[in-house]
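A.B. asks: Sharing protein-v4.txt, compact mmCIF, C-alpha atoms:
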```
# COMPACT_ATOMS: atom_id res chain seq x y z
CA MET A 1 -10.16 -15.46 -3.43
CA ALA A 2 -7.50 -16.75 -5.78
CA TYR A 3 -8.49 -19.25 -8.45
CA PRO A 4 -6.36 -21.86 -10.25
CA PHE A 5 -4.06 -20.57 -13.02
CA GLN A 6 -4.76 -17.01 -11.94
CA LEU A 7 -2.35 -14.55 -13.60
CA GLY A 8 -3.42 -11.10 -12.41
CA LEU A 9 -4.56 -9.48 -9.18
CA GLN A 10 -7.83 -10.49 -7.52
CA ASP A 11 -10.95 -8.43 -8.27
CA ALA A 12 -11.00 -5.23 -6.27
CA THR A 13 -13.40 -4.92 -3.36
CA SER A 14 -12.22 -1.58 -1.99
CA PRO A 15 -11.65 1.75 -3.78
CA ILE A 16 -7.93 1.71 -3.03
CA MET A 17 -7.54 -1.77 -4.50
CA GLU A 18 -9.33 -0.56 -7.62
CA GLU A 19 -6.80 2.26 -7.94
CA LEU A 20 -3.97 -0.21 -7.41
CA LEU A 21 -5.37 -2.53 -10.09
CA HIS A 22 -5.49 0.27 -12.67
CA PHE A 23 -2.01 1.43 -11.70
CA HIS A 24 -0.76 -2.13 -12.08
CA ASP A 25 -2.35 -2.32 -15.55
CA HIS A 26 -0.73 1.00 -16.52
CA THR A 27 2.73 0.04 -15.26
CA LEU A 28 2.61 -3.49 -16.64
CA MET A 29 1.65 -2.11 -20.07
CA ILE A 30 4.74 0.11 -19.99
CA VAL A 31 6.90 -2.85 -18.94
CA PHE A 32 5.50 -5.04 -21.75
CA LEU A 33 6.04 -2.31 -24.33
CA ILE A 34 9.64 -1.74 -23.30
CA SER A 35 10.40 -5.47 -23.12
CA SER A 36 8.93 -6.21 -26.53
CA LEU A 37 10.80 -3.29 -28.06
CA ILE A 38 14.08 -4.59 -26.64
CA LEU A 39 13.33 -8.14 -27.78
CA TYR A 40 12.63 -6.84 -31.27
CA ILE A 41 15.84 -4.82 -31.34
CA ILE A 42 17.86 -7.82 -30.15
CA SER A 43 16.36 -9.97 -32.89
CA LEU A 44 17.26 -7.29 -35.42
CA MET A 45 20.82 -7.14 -34.12
CA LEU A 46 21.23 -10.90 -34.40
CA THR A 47 19.88 -11.21 -37.94
CA THR A 48 21.61 -8.44 -39.86
CA LYS A 49 24.55 -8.66 -42.20
CA LEU A 50 25.24 -4.90 -41.96
CA THR A 51 28.25 -3.76 -39.95
CA HIS A 52 29.68 -0.39 -38.99
CA THR A 53 33.13 -0.58 -37.47
CA SER A 54 33.85 3.12 -36.94
CA THR A 55 31.09 4.38 -34.65
CA MET A 56 32.58 6.98 -32.30
CA ASP A 57 29.51 8.66 -30.79
CA ALA A 58 25.80 9.09 -31.35
CA GLN A 59 24.62 12.33 -29.79
CA GLU A 60 21.08 12.38 -31.17
CA VAL A 61 20.03 8.88 -30.13
CA GLU A 62 21.65 9.38 -26.74
CA THR A 63 19.51 12.46 -26.18
CA VAL A 64 16.38 10.52 -27.11
CA TRP A 65 17.15 7.59 -24.88
CA THR A 66 17.80 9.86 -21.92
CA ILE A 67 14.67 11.99 -22.21
CA LEU A 68 12.19 9.25 -23.09
CA PRO A 69 12.92 6.96 -20.09
CA ALA A 70 12.90 9.97 -17.76
CA ILE A 71 9.41 10.88 -19.01
CA ILE A 72 8.25 7.28 -18.67
CA LEU A 73 9.51 7.13 -15.10
CA ILE A 74 7.72 10.35 -14.24
CA LEU A 75 4.52 8.91 -15.76
CA ILE A 76 4.88 5.92 -13.44
CA ALA A 77 5.92 7.88 -10.34
CA LEU A 78 3.08 10.42 -10.30
CA PRO A 79 0.15 7.96 -10.12
CA SER A 80 2.13 5.85 -7.66
CA LEU A 81 2.64 8.74 -5.26
CA ARG A 82 -0.98 9.78 -5.66
CA ILE A 83 -2.17 6.34 -4.55
CA LEU A 84 0.36 6.33 -1.71
CA TYR A 85 -1.02 9.57 -0.27
CA MET A 86 -4.59 8.40 -0.89
CA MET A 87 -3.97 5.32 1.26
CA ASP A 88 -2.99 7.53 4.20
CA GLU A 89 -6.04 9.78 4.19
CA ILE A 90 -8.21 10.61 7.19
CA ASN A 91 -11.57 9.01 6.65
CA ASN A 92 -13.55 8.88 9.95
CA PRO A 93 -14.08 5.18 10.53
CA SER A 94 -17.42 4.09 12.00
CA LEU A 95 -16.11 0.94 13.68
CA THR A 96 -12.84 -0.21 15.21
CA VAL A 97 -11.80 -3.88 15.22
CA LYS A 98 -8.63 -5.17 16.81
CA THR A 99 -6.82 -8.26 15.65
CA MET A 100 -3.95 -9.98 17.41
CA GLY A 101 -1.71 -12.51 15.69
CA HIS A 102 -0.77 -15.63 17.61
CA GLN A 103 1.10 -18.78 16.74
CA TRP A 104 -0.88 -19.92 14.76
CA TYR A 105 -4.28 -18.22 14.67
CA TRP A 106 -5.81 -14.74 14.68
CA SER A 107 -7.97 -13.36 17.46
CA TYR A 108 -10.45 -10.54 16.95
CA GLU A 109 -11.89 -8.02 19.39
CA TYR A 110 -14.91 -5.85 18.69
CA THR A 111 -15.06 -3.64 21.75
CA ASP A 112 -16.82 -0.49 20.55
CA TYR A 113 -20.27 -1.33 21.85
CA GLU A 114 -20.00 -4.68 23.64
CA ASP A 115 -17.18 -6.99 24.65
CA LEU A 116 -16.86 -9.40 21.73
CA ASN A 117 -13.72 -11.55 21.47
CA PHE A 118 -13.09 -14.70 19.48
CA ASP A 119 -10.30 -16.78 17.96
CA SER A 120 -10.15 -17.76 14.31
CA TYR A 121 -8.44 -21.08 13.53
CA MET A 122 -8.01 -22.65 10.11
CA ILE A 123 -10.31 -25.61 9.38
CA PRO A 124 -8.04 -28.68 8.91
CA THR A 125 -8.22 -30.33 5.49
CA GLN A 126 -9.82 -33.51 6.84
CA GLU A 127 -12.71 -31.55 8.33
CA LEU A 128 -13.61 -29.51 5.24
CA LYS A 129 -17.15 -29.80 3.95
CA PRO A 130 -17.67 -30.24 0.17
CA GLY A 131 -17.16 -26.97 -1.67
CA GLU A 132 -15.00 -25.36 1.01
CA LEU A 133 -11.55 -24.04 0.15
CA ARG A 134 -8.47 -25.95 1.33
CA LEU A 135 -6.14 -24.02 3.67
CA LEU A 136 -8.37 -20.95 3.46
CA GLU A 137 -11.48 -21.60 5.56
CA VAL A 138 -11.69 -20.70 9.24
CA ASP A 139 -14.08 -21.67 12.01
CA ASN A 140 -15.04 -18.09 13.01
CA ARG A 141 -15.07 -15.57 10.18
CA VAL A 142 -14.57 -11.86 10.70
CA VAL A 143 -18.05 -10.51 10.05
CA LEU A 144 -18.03 -6.83 9.16
CA PRO A 145 -20.58 -4.33 7.79
CA MET A 146 -20.04 -3.49 4.13
CA GLU A 147 -19.83 0.05 2.64
CA MET A 148 -18.59 1.42 5.97
CA THR A 149 -15.10 2.59 6.81
CA ILE A 150 -13.63 0.32 9.47
CA ARG A 151 -10.43 0.93 11.41
CA MET A 152 -8.33 -2.24 11.92
CA LEU A 153 -5.77 -2.18 14.71
CA ILE A 154 -3.27 -4.96 14.26
CA SER A 155 -0.68 -6.34 16.64
CA SER A 156 0.78 -9.62 17.76
CA GLU A 157 1.03 -11.54 20.99
CA ASP A 158 4.20 -13.45 20.15
CA VAL A 159 6.17 -13.24 16.89
CA LEU A 160 5.83 -11.27 13.66
CA HIS A 161 2.76 -11.99 11.56
CA SER A 162 1.08 -10.02 8.81
CA TRP A 163 -2.65 -9.50 8.32
CA ALA A 164 -3.33 -9.53 4.59
CA VAL A 165 -6.50 -9.53 2.46
CA PRO A 166 -5.44 -9.12 -1.20
CA SER A 167 -8.91 -8.37 -2.54
CA LEU A 168 -9.09 -5.22 -0.40
CA GLY A 169 -5.47 -4.28 -1.01
CA LEU A 170 -4.57 -4.76 2.66
CA LYS A 171 -1.36 -6.05 4.14
CA THR A 172 -0.23 -4.81 7.54
CA ASP A 173 2.43 -6.38 9.71
CA ALA A 174 1.48 -7.62 13.17
CA ILE A 175 4.45 -6.68 15.33
CA PRO A 176 4.64 -7.59 19.03
CA GLY A 177 4.74 -4.47 21.15
CA ARG A 178 3.49 -2.21 18.33
CA LEU A 179 0.02 -1.19 17.23
CA ASN A 180 -0.46 -0.79 13.48
CA GLN A 181 -3.55 0.73 11.94
CA THR A 182 -5.18 0.26 8.57
CA THR A 183 -8.58 1.19 7.17
CA LEU A 184 -10.91 -1.20 5.48
CA MET A 185 -13.82 -0.34 3.19
CA ALA A 186 -15.58 -3.03 1.18
CA MET A 187 -17.90 -1.90 -1.57
CA ARG A 188 -19.84 -5.14 -1.89
CA PRO A 189 -20.89 -8.08 0.32
CA GLY A 190 -19.12 -11.42 0.13
CA LEU A 191 -16.32 -13.59 1.49
CA TYR A 192 -12.78 -12.29 1.14
CA TYR A 193 -9.82 -14.53 1.91
CA GLY A 194 -6.27 -13.76 2.92
CA GLN A 195 -3.33 -15.54 4.50
CA CYS A 196 -0.70 -14.69 7.09
CA SER A 197 2.07 -12.87 5.22
CA GLU A 198 5.07 -12.94 7.55
CA ILE A 199 6.92 -16.11 8.43
CA CYS A 200 5.98 -17.08 11.95
CA GLY A 201 6.86 -20.70 12.50
CA SER A 202 5.75 -24.13 11.43
CA ASN A 203 2.08 -23.28 10.78
CA HIS A 204 2.65 -19.94 9.08
CA SER A 205 0.84 -21.19 5.95
CA PHE A 206 -2.11 -22.40 8.02
CA MET A 207 -3.52 -19.29 9.68
CA PRO A 208 -5.79 -17.67 7.10
CA ILE A 209 -8.10 -14.68 7.41
CA VAL A 210 -11.68 -14.67 6.13
CA LEU A 211 -13.74 -11.49 6.03
CA GLU A 212 -17.50 -11.87 5.70
CA MET A 213 -18.88 -8.52 4.53
CA VAL A 214 -22.63 -8.25 5.19
CA PRO A 215 -25.26 -5.49 5.35
CA LEU A 216 -25.29 -3.54 8.59
CA SER A 217 -28.47 -5.15 9.96
CA TYR A 218 -26.99 -8.64 9.53
CA PHE A 219 -23.81 -7.44 11.28
CA GLU A 220 -25.82 -6.12 14.23
CA THR A 221 -27.70 -9.43 14.54
CA TRP A 222 -24.46 -11.40 14.34
CA SER A 223 -22.65 -9.37 16.96
CA ALA A 224 -25.58 -9.64 19.35
CA LEU A 225 -25.49 -13.45 18.87
CA MET A 226 -21.72 -13.75 19.30
CA VAL A 227 -21.34 -11.87 22.58
CA MET B 1 32.51 20.84 -10.54
CA LEU B 2 30.21 23.04 -12.59
CA SER B 3 33.10 23.81 -14.98
CA GLN B 4 33.63 20.06 -15.38
CA ILE B 5 29.97 19.59 -16.26
CA ILE B 6 30.02 22.46 -18.75
CA GLY B 7 33.23 21.10 -20.30
CA GLN B 8 31.70 17.67 -20.70
CA THR B 9 28.50 19.01 -22.24
CA LYS B 10 30.48 21.03 -24.80
CA GLU B 11 32.09 17.83 -26.02
CA HIS B 12 28.96 15.67 -25.77
CA PRO B 13 25.77 17.75 -26.05
CA ALA B 14 23.65 14.65 -25.46
CA LEU B 15 24.59 14.99 -21.81
CA ILE B 16 22.50 18.14 -21.39
CA PRO B 17 19.13 16.42 -20.76
CA PHE B 18 20.91 13.92 -18.54
CA PHE B 19 22.34 16.62 -16.27
CA LEU B 20 19.00 18.45 -16.29
CA PHE B 21 17.08 15.39 -15.07
CA ILE B 22 19.72 14.46 -12.48
CA GLY B 23 19.79 18.05 -11.28
CA ALA B 24 16.02 18.30 -11.06
CA GLY B 25 15.73 14.96 -9.28
CA GLY B 26 18.46 15.78 -6.78
CA THR B 27 17.02 19.22 -6.12
CA GLY B 28 13.56 17.75 -5.64
CA ALA B 29 14.85 15.15 -3.18
CA ALA B 30 16.78 17.77 -1.21
CA MET B 31 13.77 20.10 -1.13
CA TYR B 32 11.48 17.34 0.09
CA VAL B 33 13.89 16.52 2.91
CA LEU B 34 13.99 20.23 3.79
CA HIS B 35 10.16 20.34 3.73
CA LEU B 36 10.04 17.41 6.12
CA ALA B 37 12.67 18.98 8.40
CA LEU B 38 10.80 22.29 8.61
CA PHE B 39 7.16 21.27 8.56
CA ASN B 40 6.88 17.72 9.84
CA PRO B 41 5.30 17.72 13.31
CA ASP B 42 7.60 14.89 14.43
CA ILE B 43 10.61 17.27 14.47
CA SER B 44 11.32 19.92 17.12
CA TRP B 45 14.01 22.54 16.37
CA ASP B 46 13.45 24.87 19.29
CA ARG B 47 13.19 22.90 22.48
CA LYS B 48 12.95 25.97 24.69
CA ASN B 49 10.20 27.99 23.05
CA ASN B 50 8.19 25.45 21.07
CA PRO B 51 8.67 22.00 22.52
CA GLU B 52 6.21 19.20 21.79
CA PHE B 53 4.73 20.91 18.75
CA TRP B 54 3.02 17.61 18.03
CA ASN B 55 0.71 18.17 20.98
CA LYS B 56 -0.72 21.37 19.54
CA LEU B 57 -2.00 20.12 16.19
CA GLY B 58 -5.57 21.00 15.31
CA PRO B 59 -7.78 18.99 12.98
CA ASN B 60 -7.50 21.67 10.30
CA ASP B 61 -3.70 21.62 9.95
CA GLN B 62 -2.27 20.03 6.87
CA TYR B 63 0.99 18.33 7.67
CA LYS B 64 1.18 15.86 4.81
CA PHE B 65 2.99 16.97 1.69
CA TYR B 66 0.23 16.30 -0.80
CA LEU B 67 -3.51 15.83 -0.48
CA VAL B 68 -5.68 13.91 -2.93
CA ASN B 69 -9.21 13.91 -1.56
CA VAL B 70 -9.24 15.29 1.96
CA ASP B 71 -10.56 18.78 2.62
CA TYR B 72 -8.89 19.75 5.88
CA SER B 73 -11.03 22.80 6.52
CA LYS B 74 -14.06 20.58 6.98
CA LEU B 75 -12.63 18.12 9.49
CA LYS B 76 -13.69 18.17 13.11
CA LYS B 77 -11.66 17.15 16.12
CA GLY B 78 -12.47 13.59 17.24
CA GLY B 79 -11.18 13.52 20.79
CA PRO B 80 -11.75 15.70 23.87
CA ASP B 81 -9.80 18.91 24.59
CA PHE B 82 -7.22 18.69 27.37
```
Can you dump the structure from the file as structure tokens?

C.D. replies:
Amino acid sequence: MAYPFQLGLQDATSPIMEELLHFHDHTLMIVFLISSLILYIISLMLTTKLTHTSTMDAQEVETVWTILPAIILILIALPSLRILYMMDEINNPSLTVKTMGHQWYWSYEYTDYEDLNFDSYMIPTQELKPGELRLLEVDNRVVLPMEMTIRMLISSEDVLHSWAVPSLGLKTDAIPGRLNQTTLMAMRPGLYYGQCSEICGSNHSFMPIVLEMVPLSYFETWSALMV
Amino acid sequence: MLSQIIGQTKEHPALIPFFLFIGAGGTGAAMYVLHLALFNPDISWDRKNNPEFWNKLGPNDQYKFYLVNVDYSKLKKGGPDF
């Protein structure tokens, strides 16, 4: 989950998010380098007494500042495309979970082996217990087995919503009349928080998502209890 | 237009890498669109002889442009034959 004064991305819980984190580090480093170079050059320009009033052209520096940015852009584009294709790979999920967005809660259906359906509403601020997170906790968490590839099918029963869990690098729109698919793979157990990411009315900020990743045996016990 | 480009590069040789990158980028974009038009299973050119090509895909066909990790020869078909 996010913590106060956070500057970067949340810790990665899925392999794709780890790739995205490293790509973000790589690209941000390039951005910082270019920005500091330009700031330095501007400061040089503003503090010099030298002038040259007859510059007509500058072929050599123009060649350099055409080739170098092109190379930098290629160095950004190739990892980006690699991650893009990696996100779309076939990976044989072991479990399918469906989630429908409503105004203003999420409902989940685990129908592979039994008929398990439940709604997930945010816990209002007045009813929070000490230590719980404001605007992020829900009454029924989405319990899922960790270290297993899970297919999420996402749609909506009324207006546009978006099912997002930043720690796993997931954000998929919930569109009425359309079924969107994403794959989820958490590498460690824990609680992972996300919030609805598409404006959907007055309580758009108050329909969070909480994934509880547990070992498979705990998941089997839980799903038997919840049916 | 090519003579214009050559004329401009004679006067300003710094334009040569610029035209090279623009040319390579434009060619790459055009070739990718052509690749999609010819090999993407969503597109049918010959409605009489090969309609609904998307219904005949096997699990071993590669129809994405670039693969990172997936070995298509090892995949099995998930659903039933029809």

A.B. asks: If you count all atoms listed in the file, which residues fall within 12 Å of stretch 1-5 of chain B, apart from same-chain ones fewer than 3 positions away, as a list in words?

C.D. replies: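 Close residues of stretch 1-5 of chain B: Gln8, Thr9, Lys10, Glu11, His12, Pro13, Leu15, Ile16, Phe18, Phe19, Leu20 and Gly23 of chain B.
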
A.B. asks: Can you spit out the residues from that selection as a PDB file, in the coordinates of the input, using C-alpha atoms?

C.D. replies:
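result03.pdb written:
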```
ATOM      1  CA  GLN B   8      31.700  17.670 -20.700  1.00  0.00           C
ATOM      2  CA  THR B   9      28.500  19.010 -22.240  1.00  0.00           C
ATOM      3  CA  LYS B  10      30.480  21.030 -24.800  1.00  0.00           C
ATOM      4  CA  GLU B  11      32.090  17.830 -26.020  1.00  0.00           C
ATOM      5  CA  HIS B  12      28.960  15.670 -25.770  1.00  0.00           C
ATOM      6  CA  PRO B  13      25.770  17.750 -26.050  1.00  0.00           C
ATOM      7  CA  LEU B  15      24.590  14.990 -21.810  1.00  0.00           C
ATOM      8  CA  ILE B  16      22.500  18.140 -21.390  1.00  0.00           C
ATOM      9  CA  PHE B  18      20.910  13.920 -18.540  1.00  0.00           C
ATOM     10  CA  PHE B  19      22.340  16.620 -16.270  1.00  0.00           C
ATOM     11  CA  LEU B  20      19.000  18.450 -16.290  1.00  0.00           C
ATOM     12  CA  GLY B  23      19.790  18.050 -11.280  1.00  0.00           C
TER      13      GLY B  23
END
```

A.B. asks: With 8 Å as the limit and counting only C-alpha atoms, what residues in chain A lie close to chain B? Please list them as a PDB file with C-alpha atoms, keeping the file's coordinate frame.

C.D. replies:
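Resulting contents of out_19.pdb:
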```pdb
ATOM      1  CA  GLN A  59      24.620  12.330 -29.790  1.00  0.00           C
ATOM      2  CA  GLU A  60      21.080  12.380 -31.170  1.00  0.00           C
ATOM      3  CA  GLU A  62      21.650   9.380 -26.740  1.00  0.00           C
ATOM      4  CA  THR A  63      19.510  12.460 -26.180  1.00  0.00           C
ATOM      5  CA  THR A  66      17.800   9.860 -21.920  1.00  0.00           C
ATOM      6  CA  ILE A  67      14.670  11.990 -22.210  1.00  0.00           C
ATOM      7  CA  ALA A  70      12.900   9.970 -17.760  1.00  0.00           C
ATOM      8  CA  ARG A  82      -0.980   9.780  -5.660  1.00  0.00           C
ATOM      9  CA  TYR A  85      -1.020   9.570  -0.270  1.00  0.00           C
ATOM     10  CA  MET A  86      -4.590   8.400  -0.890  1.00  0.00           C
ATOM     11  CA  GLU A  89      -6.040   9.780   4.190  1.00  0.00           C
ATOM     12  CA  ILE A  90      -8.210  10.610   7.190  1.00  0.00           C
TER      13      ILE A  90
END
```

A.B. asks: If you measure from atom CA of A:Gln181 to atom CA of A:Arg151, what distance in Å do you get, rounded to one decimal?

C.D. replies: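 Separation of atom CA of A:Gln181 and atom CA of A:Arg151: 6.9 Å.
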
A.B. asks: Excluding stretch 186-188 of chain A and any residue of its chain fewer than 6 positions from it, enumerate the residues within 10 Å of it, using only C-alpha atoms, and give them as a ChimeraX atom specification.

C.D. replies: /A:12-17,144-150,167-168,211,213-215

A.B. asks: Measure the distance from atom CA of A:Tyr193 to atom CA of A:Thr96 in Å and round it to one decimal.

C.D. replies: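 It comes out at 19.8 Å.
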
A.B. asks: Which value, in Å to one decimal, gives the distance between atom CA of A:Pro4 and atom CA of A:Leu133?

C.D. replies: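 Computing the Euclidean distance for atom CA of A:Pro4 and atom CA of A:Leu133 yields 11.8 Å.
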
A.B. asks: Which residue is closest to A:Val31? Choose from A:His102, A:Leu160, A:Tyr218, A:Ile72 and count only C-alpha atoms.

C.D. replies: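 Looking at the shortest contact to A:Val31, the residue is A:Ile72.
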
A.B. asks: For A:Pro79, list every protein, DNA or RNA residue within 10 Å, evaluated using only C-alpha atoms, and leave out those in the same chain fewer than 6 positions away; present the list as a list in words.

C.D. replies: Glu19, Leu20, His22, Phe23, His26 and Thr27 of chain A

A.B. asks: Just want the 10 Å neighbourhood of A:Leu225, counted on only C-alpha atoms, with same-chain residues fewer than 5 positions away dropped. Output as a ChimeraX atom specification.

C.D. replies: /A:116,219-220

A.B. asks: Taking into account all atoms listed in the file, which residue in the set A:Val61, A:Met29, A:Val142, A:Met122 is nearest to A:Met226?

C.D. replies: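 Smallest distance to A:Met226 is found for A:Val142.
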
A.B. asks: Using only C-alpha atoms, can you list as a list in words the residues within 12 Å of (-10.7, -25.5, -0.2)?

C.D. replies: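 The requested residues, written out, are Met1, Ala2, Tyr3, Pro4, Met122, Ile123, Pro124, Thr125, Gln126, Glu127, Leu128, Lys129, Pro130, Gly131, Glu132, Leu133, Arg134, Leu135, Leu136, Glu137, Val138, Tyr193 and Pro208 of chain A.
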
A.B. asks: Select, counting only C-alpha atoms, all protein, DNA and RNA residues no farther than 10 Å from (-1.6, -22.5, 10.8) in file coordinates, and express the selection as a list in words.

C.D. replies: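 The residues near that point, listed by chain and number, are His102, Gln103, Trp104, Tyr105, Trp106, Tyr121, Met122, Ile123, Pro124, Leu135, Gln195, Cys196, Cys200, Gly201, Ser202, Asn203, His204, Ser205, Phe206, Met207 and Pro208 of chain A.
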